[in-house]
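Engineer: Structure supplied as my_file23.txt; contents: compact mmCIF, C-alpha atoms and all ligand atoms.
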# COMPACT_ATOMS: atom_id res chain seq x y z
CA MET A 1 -63.45 29.54 75.98
CA ILE A 2 -61.80 32.42 74.41
CA GLY A 3 -58.91 30.29 73.42
CA LEU A 4 -61.10 27.80 71.50
CA ALA A 5 -62.80 30.35 69.36
CA PRO A 6 -59.80 31.23 67.29
CA LEU A 7 -59.02 27.52 66.80
CA GLY A 8 -62.60 26.67 65.83
CA GLY A 9 -62.95 29.61 63.49
CA PRO A 10 -60.10 28.92 61.17
CA ASP A 11 -60.95 25.21 61.29
CA TYR A 12 -64.37 25.79 59.84
CA GLY A 13 -62.99 28.26 57.44
CA ALA A 14 -60.41 25.78 56.25
CA ARG A 15 -63.02 23.09 55.73
CA GLY A 16 -65.15 25.54 53.85
CA MET A 17 -62.25 26.44 51.63
CA THR A 18 -61.44 22.81 50.99
CA GLN A 19 -64.97 22.12 49.86
CA ASP A 20 -65.20 25.31 47.79
CA ASN A 21 -61.83 25.06 46.19
CA SER A 22 -62.09 21.79 44.30
CA SER A 23 -58.86 22.43 42.52
CA GLN A 24 -56.75 22.07 45.64
CA PRO A 25 -56.55 18.26 45.69
CA THR A 26 -55.58 18.36 42.03
CA THR A 27 -52.75 20.75 42.84
CA GLU A 28 -51.57 18.40 45.52
CA ALA A 29 -51.76 15.45 43.09
CA GLN A 30 -49.74 17.39 40.56
CA ALA A 31 -47.20 18.20 43.19
CA SER A 32 -46.83 14.57 44.20
CA GLY A 33 -46.91 13.58 40.49
CA GLY A 34 -43.97 15.92 39.95
CA ASP A 35 -42.11 14.29 42.80
CA LEU A 36 -42.79 10.89 41.26
CA PHE A 37 -41.54 12.12 37.93
CA ASN A 38 -38.40 13.48 39.52
CA THR A 39 -37.85 10.19 41.31
CA VAL A 40 -38.30 8.16 38.13
CA ALA A 41 -36.13 10.56 36.15
CA GLY A 42 -33.51 10.29 38.86
CA TRP A 43 -33.50 6.53 38.65
CA VAL A 44 -33.37 6.57 34.88
CA LEU A 45 -30.44 8.96 35.03
CA PHE A 46 -28.78 6.80 37.64
CA ALA A 47 -29.35 3.69 35.56
CA GLY A 48 -27.82 5.51 32.61
CA ILE A 49 -24.76 6.47 34.58
CA VAL A 50 -24.38 2.95 35.92
CA GLY A 51 -24.81 1.62 32.40
CA LEU A 52 -22.12 3.95 31.07
CA GLY A 53 -19.83 2.96 33.87
CA LEU A 54 -20.38 -0.71 33.16
CA ALA A 55 -19.79 -0.18 29.47
CA GLN A 56 -16.56 1.61 30.26
CA ILE A 57 -15.45 -1.11 32.64
CA SER A 58 -16.35 -3.93 30.28
CA LYS A 59 -14.58 -2.09 27.47
CA HIS A 60 -11.39 -2.04 29.49
CA TYR A 61 -11.98 -5.60 30.50
CA PHE A 62 -12.45 -6.83 26.95
CA GLU A 63 -9.68 -4.72 25.50
CA ALA A 64 -7.30 -6.29 27.97
CA ASP A 65 -6.87 -9.30 25.70
CA LYS A 66 -6.91 -7.39 22.42
CA PRO A 67 -3.24 -6.31 22.07
CA GLU A 68 -2.40 -9.71 20.54
CA ARG A 69 -4.56 -9.04 17.52
CA PRO A 70 -3.06 -5.82 16.17
CA GLU A 71 0.37 -7.49 16.25
CA LYS A 72 -0.76 -10.27 13.98
CA LEU A 73 -2.58 -7.88 11.66
CA GLY A 74 0.56 -5.79 11.52
CA TYR A 75 2.47 -8.67 10.05
CA VAL A 76 -0.07 -9.15 7.30
CA ILE A 77 -0.18 -5.47 6.39
CA GLU A 78 3.61 -5.18 6.32
CA GLY A 79 3.78 -8.18 4.02
CA VAL A 80 1.22 -6.71 1.67
CA VAL A 81 3.05 -3.41 1.43
CA GLU A 82 6.43 -5.03 0.86
CA GLU A 83 5.18 -7.48 -1.73
CA ASP A 84 3.48 -4.65 -3.55
CA ALA A 85 1.18 -7.07 -5.39
CA GLY A 86 -1.03 -8.76 -2.85
CA PRO A 87 -0.28 -11.04 0.07
CA ALA A 88 2.67 -13.40 -0.13
CA GLU A 89 3.44 -13.26 -3.84
CA MET A 90 4.82 -16.50 -5.16
CA SER A 91 8.26 -16.71 -6.67
CA MET A 92 8.85 -16.63 -10.43
CA ALA A 93 9.89 -20.31 -10.31
CA GLU A 94 6.67 -21.20 -8.53
CA ALA A 95 4.57 -19.13 -10.95
CA LEU A 96 6.31 -20.80 -13.91
CA ASN A 97 5.28 -24.18 -12.50
CA ALA A 98 1.85 -23.20 -11.23
CA LYS A 99 0.09 -24.27 -14.44
CA PRO A 100 0.83 -26.52 -17.41
CA ALA A 101 3.19 -24.80 -19.88
CA ALA A 102 0.55 -24.66 -22.63
CA GLU A 103 -1.84 -22.81 -20.34
CA LEU A 104 0.81 -20.31 -19.30
CA ILE A 105 1.80 -19.68 -22.91
CA ALA A 106 -1.83 -19.10 -23.89
CA ALA A 107 -2.27 -16.70 -20.97
CA GLY A 108 1.04 -15.01 -21.87
CA GLU A 109 -0.10 -14.40 -25.43
CA LYS A 110 -3.01 -12.40 -23.98
CA VAL A 111 -0.73 -10.46 -21.66
CA PHE A 112 1.48 -9.68 -24.66
CA ALA A 113 -1.35 -7.51 -26.00
CA LYS A 114 0.05 -4.89 -23.60
CA CYS A 115 3.42 -5.07 -25.33
CA GLN A 116 2.27 -5.10 -28.96
CA SER A 117 2.02 -1.35 -29.31
CA CYS A 118 5.83 -1.29 -29.12
CA HIS A 119 7.05 -4.81 -29.85
CA THR A 120 6.67 -7.40 -32.60
CA ILE A 121 7.38 -11.01 -31.68
CA GLU A 122 7.50 -13.01 -34.94
CA ALA A 123 10.83 -14.00 -36.51
CA GLY A 124 12.18 -11.12 -38.56
CA GLY A 125 9.48 -8.76 -37.25
CA ALA A 126 10.14 -5.05 -37.52
CA ASN A 127 11.52 -2.99 -34.70
CA GLY A 128 9.02 -0.43 -33.51
CA ILE A 129 9.17 1.82 -30.51
CA GLY A 130 10.81 -1.22 -28.92
CA PRO A 131 12.93 -3.95 -30.51
CA ASN A 132 11.53 -7.11 -32.08
CA LEU A 133 11.40 -9.70 -29.29
CA HIS A 134 11.78 -12.95 -31.26
CA GLY A 135 14.17 -15.26 -29.41
CA THR A 136 14.96 -12.64 -26.77
CA LEU A 137 14.97 -15.00 -23.76
CA GLY A 138 18.42 -16.51 -23.48
CA LYS A 139 19.88 -13.86 -25.81
CA ALA A 140 22.34 -11.15 -24.75
CA VAL A 141 20.54 -8.07 -23.41
CA ALA A 142 20.12 -5.12 -25.81
CA THR A 143 21.60 -6.80 -28.89
CA HIS A 144 18.75 -7.06 -31.39
CA PRO A 145 20.08 -5.81 -34.73
CA GLY A 146 18.95 -2.43 -35.96
CA PHE A 147 17.52 -1.15 -32.68
CA ASP A 148 18.88 1.92 -30.98
CA TYR A 149 18.93 0.86 -27.31
CA SER A 150 19.45 3.23 -24.45
CA ALA A 151 22.97 3.40 -23.06
CA GLU A 152 21.56 2.20 -19.72
CA LEU A 153 20.10 -1.03 -21.10
CA LYS A 154 23.22 -1.64 -23.21
CA ALA A 155 25.27 -1.33 -20.02
CA HIS A 156 23.21 -4.09 -18.35
CA GLY A 157 25.19 -6.97 -19.86
CA GLY A 158 24.43 -10.68 -19.52
CA ASN A 159 21.62 -12.67 -21.10
CA TRP A 160 17.90 -12.47 -20.50
CA ASP A 161 16.83 -15.26 -18.17
CA TRP A 162 13.75 -16.04 -16.08
CA GLU A 163 14.85 -14.02 -13.09
CA ASN A 164 16.09 -10.83 -14.71
CA ILE A 165 13.15 -10.68 -17.12
CA ASN A 166 10.90 -11.05 -14.06
CA ASP A 167 12.56 -8.02 -12.46
CA TRP A 168 12.52 -6.12 -15.74
CA LEU A 169 8.85 -6.71 -16.47
CA LYS A 170 7.82 -5.97 -12.90
CA ASN A 171 9.23 -2.46 -13.08
CA PRO A 172 11.38 -1.62 -16.13
CA LYS A 173 12.36 1.87 -14.92
CA GLY A 174 13.08 0.56 -11.44
CA TYR A 175 15.22 -2.28 -12.75
CA VAL A 176 17.11 -0.26 -15.38
CA PRO A 177 16.89 3.44 -14.48
CA GLY A 178 17.09 5.51 -17.66
CA THR A 179 15.61 2.82 -19.95
CA LYS A 180 13.63 3.93 -22.97
CA MET A 181 10.93 1.35 -22.28
CA SER A 182 8.02 3.49 -21.10
CA PHE A 183 6.01 0.71 -19.57
CA ALA A 184 4.70 0.77 -16.01
CA GLY A 185 5.31 -2.93 -15.50
CA LEU A 186 3.27 -6.03 -14.77
CA GLY A 187 2.25 -6.10 -11.11
CA LYS A 188 1.31 -9.78 -10.94
CA VAL A 189 3.96 -12.47 -10.97
CA GLU A 190 1.40 -14.70 -12.70
CA ASP A 191 1.34 -12.28 -15.65
CA ARG A 192 5.12 -11.97 -15.76
CA ALA A 193 5.55 -15.74 -15.68
CA ALA A 194 2.92 -16.20 -18.40
CA VAL A 195 4.37 -13.58 -20.76
CA ALA A 196 7.90 -14.90 -20.14
CA MET A 197 6.69 -18.41 -21.05
CA TYR A 198 5.13 -16.93 -24.18
CA LEU A 199 8.39 -15.14 -25.09
CA ASN A 200 10.25 -18.42 -24.48
CA SER A 201 7.92 -20.15 -26.93
CA GLN A 202 8.71 -17.57 -29.62
CA GLY A 203 12.20 -18.40 -30.83
CA SER A 204 13.71 -19.25 -27.43
CA ASN A 205 13.77 -22.47 -25.50
CA LEU A 206 15.17 -21.94 -22.02
CA PRO A 207 14.50 -24.83 -19.65
CA VAL A 208 11.81 -23.89 -17.14
CA PRO A 209 13.34 -23.76 -13.65
CA SER A 210 12.12 -26.53 -11.42
CA PHE A 211 10.11 -25.64 -8.39
CA VAL A 212 10.20 -28.09 -5.52
CA ALA A 213 6.95 -27.68 -3.64
CA ASP A 214 8.49 -29.21 -0.49
CA ALA A 215 11.01 -26.40 -0.24
CA ALA A 216 8.17 -23.95 0.22
CA ALA A 217 5.90 -26.29 2.16
CA GLY A 218 7.19 -24.93 5.46
CA THR A 219 6.41 -21.39 4.45
CA PRO A 220 3.06 -21.29 2.69
CA ALA A 221 1.23 -17.98 2.37
CA GLY A 222 0.58 -17.19 6.04
CA GLU A 223 3.91 -18.28 7.49
CA ALA A 224 6.20 -16.73 4.94
CA THR A 225 5.14 -13.25 5.98
CA PRO A 226 5.84 -13.50 9.76
CA ALA A 227 9.28 -14.86 8.87
CA ALA A 228 10.00 -11.62 7.02
CA GLY A 229 8.52 -9.66 9.92
CA GLU A 230 10.91 -11.32 12.37
CA THR A 231 13.96 -9.92 10.69
CA PRO A 232 13.58 -6.33 11.98
CA ALA A 233 12.73 -7.67 15.46
CA ALA A 234 15.90 -9.74 15.48
CA ALA A 235 17.90 -6.74 14.30
CA GLU A 236 16.52 -4.61 17.15
CA THR A 237 17.49 -6.99 19.89
CA PRO A 238 21.28 -6.69 19.63
CA ALA A 239 20.97 -2.91 19.30
CA GLU A 240 19.27 -2.62 22.69
C1 LIG B 301 5.68 1.93 -24.68
C2 LIG B 301 6.44 1.02 -25.44
C3 LIG B 301 6.76 -0.31 -24.83
C4 LIG B 301 5.91 -1.21 -24.24
C5 LIG B 301 4.42 -1.08 -24.01
C6 LIG B 301 6.72 -2.35 -23.91
N1 LIG B 301 8.01 -2.15 -24.24
FE1 LIG B 301 9.54 -3.45 -24.01
N2 LIG B 301 10.82 -2.10 -24.77
C7 LIG B 301 10.50 -0.84 -25.20
C8 LIG B 301 11.68 -0.11 -25.52
C9 LIG B 301 11.76 1.32 -26.04
C10 LIG B 301 12.77 -0.98 -25.24
C11 LIG B 301 14.23 -0.64 -25.32
C12 LIG B 301 14.63 -0.10 -23.97
C13 LIG B 301 15.97 0.57 -23.89
O1 LIG B 301 16.70 0.58 -24.87
O2 LIG B 301 16.26 1.10 -22.80
C14 LIG B 301 12.19 -2.22 -24.78
C15 LIG B 301 12.91 -3.35 -24.44
C16 LIG B 301 12.37 -4.55 -24.06
C17 LIG B 301 13.13 -5.74 -23.79
C18 LIG B 301 14.63 -5.90 -23.95
C19 LIG B 301 14.90 -6.36 -25.37
C20 LIG B 301 16.35 -6.64 -25.66
O3 LIG B 301 16.63 -6.81 -26.83
O4 LIG B 301 17.18 -6.66 -24.73
C21 LIG B 301 12.24 -6.71 -23.45
C22 LIG B 301 12.54 -8.14 -23.10
C23 LIG B 301 10.94 -6.10 -23.48
N3 LIG B 301 11.05 -4.79 -23.84
C24 LIG B 301 9.78 -6.77 -23.20
C25 LIG B 301 8.52 -6.15 -23.11
C26 LIG B 301 7.32 -6.85 -22.77
C27 LIG B 301 7.23 -8.33 -22.46
C28 LIG B 301 6.32 -5.92 -22.75
C29 LIG B 301 4.87 -6.12 -22.38
C30 LIG B 301 4.60 -6.73 -21.10
C31 LIG B 301 6.91 -4.67 -23.15
N4 LIG B 301 8.24 -4.84 -23.36
C32 LIG B 301 6.21 -3.49 -23.30
C33 LIG B 301 9.23 -0.33 -25.32
C34 LIG B 301 8.09 -0.92 -24.82
Show this structure as structure tokens.
Ligand code: HEC
Structural biologist:
Amino acid sequence: MIGLAPLGGPDYGARGMTQDNSSQPTTEAQASGGDLFNTVAGWVLFAGIVGLGLAQISKHYFEADKPERPEKLGYVIEGVVEEDAGPAEMSMAEALNAKPAAELIAAGEKVFAKCQSCHTIEAGGANGIGPNLHGTLGKAVATHPGFDYSAELKAHGGNWDWENINDWLKNPKGYVPGTKMSFAGLGKVEDRAAVAMYLNSQGSNLPVPSFVADAAAGTPAGEATPAAGETPAAAETPAE
């Protein structure tokens, strides 16, 4: 009897409190809502970690077959740097045959606008900052009458031909260090071929070198560059 009283008392009291305190169920709901939130957040976090892990794994997986690519790209970039004027520059002979002579001469006359501040081209034209260039192709280097050439160009010797005028016009100071010709050079072989054809049409008449397309057929644009890239590799092998 005595023992029941204490049990019954608090039981009633608790019920009374439950009915009075209407906020208690809400507190419980919030508590379980918080648990739910934590659970969801946990799963989201877990999913994120799994996702990161998968991304990392797949990255390794897909990169496994990538090393082949950079090698090929390396060839192309090396070629571009070496050629110094775009990928796989054609030879002077090829450029001289790339278009009909009349077209090249017309294009060369336009390129010659870059030379006119220093050079005249017509027969008997005056020397300016540079010598008159009438009939220069095929003529002995640095021999135009009345022009004070640099000692360096005079020391060159030989006659102007398609190949040495190509080198000269590409980079005068590189080809003849100490030259008085303050001209940066023509970066494109197409321009050098065109202006050389124009010079040849002005008092010169060198035969245009033949270009046999078959000779270069095995090494068009893409293949010519790897061939150059193989040289250092071949040189490394005996060294090791
Ligand atoms: C800033 C002036 C200047 C410009 C621009 C210039 N030249 Fe010259 N050129 C010279 C001078 C100066 C010389 C003589 C160089 C020497 O004596 O070292 C020369 C020499 C030459 C020679 C050698 C002539 C000979 O008698 O042996 C050729 C060929 C030539 N120039 C072609 C050209 C062409 C083609 C262009 C345009 C694409 C050009 N030059 C632009 C100043 C110039």
Engineer: Could the residues that lie within 8 Å of ligand LIG 301 (chain B), counting all atoms listed in the file, be listed as a short mmCIF file (atom, residue, chain, number, x, y, z; two decimals) with C-alpha atoms, keeping the file's coordinate frame?
Structural biologist:
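Wrote out00.cif, looks like this:
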data_model
loop_
_atom_site.label_atom_id
_atom_site.label_comp_id
_atom_site.auth_asym_id
_atom_site.auth_seq_id
_atom_site.Cartn_x
_atom_site.Cartn_y
_atom_site.Cartn_z
CA VAL A 111 -0.73 -10.46 -21.66
CA PHE A 112 1.48 -9.68 -24.66
CA ALA A 113 -1.35 -7.51 -26.00
CA LYS A 114 0.05 -4.89 -23.60
CA CYS A 115 3.42 -5.07 -25.33
CA GLN A 116 2.27 -5.10 -28.96
CA SER A 117 2.02 -1.35 -29.31
CA CYS A 118 5.83 -1.29 -29.12
CA HIS A 119 7.05 -4.81 -29.85
CA ILE A 129 9.17 1.82 -30.51
CA GLY A 130 10.81 -1.22 -28.92
CA PRO A 131 12.93 -3.95 -30.51
CA ASN A 132 11.53 -7.11 -32.08
CA LEU A 133 11.40 -9.70 -29.29
CA THR A 136 14.96 -12.64 -26.77
CA LEU A 137 14.97 -15.00 -23.76
CA LYS A 139 19.88 -13.86 -25.81
CA ALA A 140 22.34 -11.15 -24.75
CA VAL A 141 20.54 -8.07 -23.41
CA ALA A 142 20.12 -5.12 -25.81
CA THR A 143 21.60 -6.80 -28.89
CA HIS A 144 18.75 -7.06 -31.39
CA ASP A 148 18.88 1.92 -30.98
CA TYR A 149 18.93 0.86 -27.31
CA SER A 150 19.45 3.23 -24.45
CA ALA A 151 22.97 3.40 -23.06
CA GLU A 152 21.56 2.20 -19.72
CA LEU A 153 20.10 -1.03 -21.10
CA LYS A 154 23.22 -1.64 -23.21
CA TRP A 160 17.90 -12.47 -20.50
CA ILE A 165 13.15 -10.68 -17.12
CA TRP A 168 12.52 -6.12 -15.74
CA LEU A 169 8.85 -6.71 -16.47
CA VAL A 176 17.11 -0.26 -15.38
CA GLY A 178 17.09 5.51 -17.66
CA THR A 179 15.61 2.82 -19.95
CA LYS A 180 13.63 3.93 -22.97
CA MET A 181 10.93 1.35 -22.28
CA SER A 182 8.02 3.49 -21.10
CA PHE A 183 6.01 0.71 -19.57
CA GLY A 185 5.31 -2.93 -15.50
CA LEU A 186 3.27 -6.03 -14.77
CA ARG A 192 5.12 -11.97 -15.76
CA VAL A 195 4.37 -13.58 -20.76
CA ALA A 196 7.90 -14.90 -20.14
CA LEU A 199 8.39 -15.14 -25.09
#
Engineer: Interatomic distance between atom CA of A:Glu103 and atom CA of A:Asn127?
Structural biologist: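 Pair atom CA of A:Glu103 / atom CA of A:Asn127 returns 27.9 Å.
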Engineer: Just the number, please: distance in Å from atom CA of A:Gly146 to atom CA of A:Gly124, one decimal.
Structural biologist: 11.3 Å
Engineer: Tell me, in Å to one decimal, how far atom CA of A:Ile105 is from atom CA of A:Tyr175.
Structural biologist: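 One can read the atom CA of A:Ile105 to atom CA of A:Tyr175 distance as 24.2 Å.
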Engineer: Smallest atom-to-atom distance to A:Gly108: which of A:Asn159, A:Val44, A:Asn171, A:Glu190, using all atoms listed in the file?
Structural biologist: A:Glu190
Engineer: Which residue gives the smallest distance to A:Ala88 among A:Ala47, A:Ala107, A:Val189, A:Ala194, with all atoms listed in the file counted?
Structural biologist: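 Residue with the minimum atom-to-atom distance to A:Ala88: A:Val189.
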Engineer: Please provide as an MDAnalysis selection string all residues within 9 Å of A:Trp162, with the sequence filter that same-chain residues fewer than 2 positions apart are discarded (counting only C-alpha atoms).
Structural biologist: chainID A and resid 92:93 137:138 160 164:167 193 196:197 206 208:209
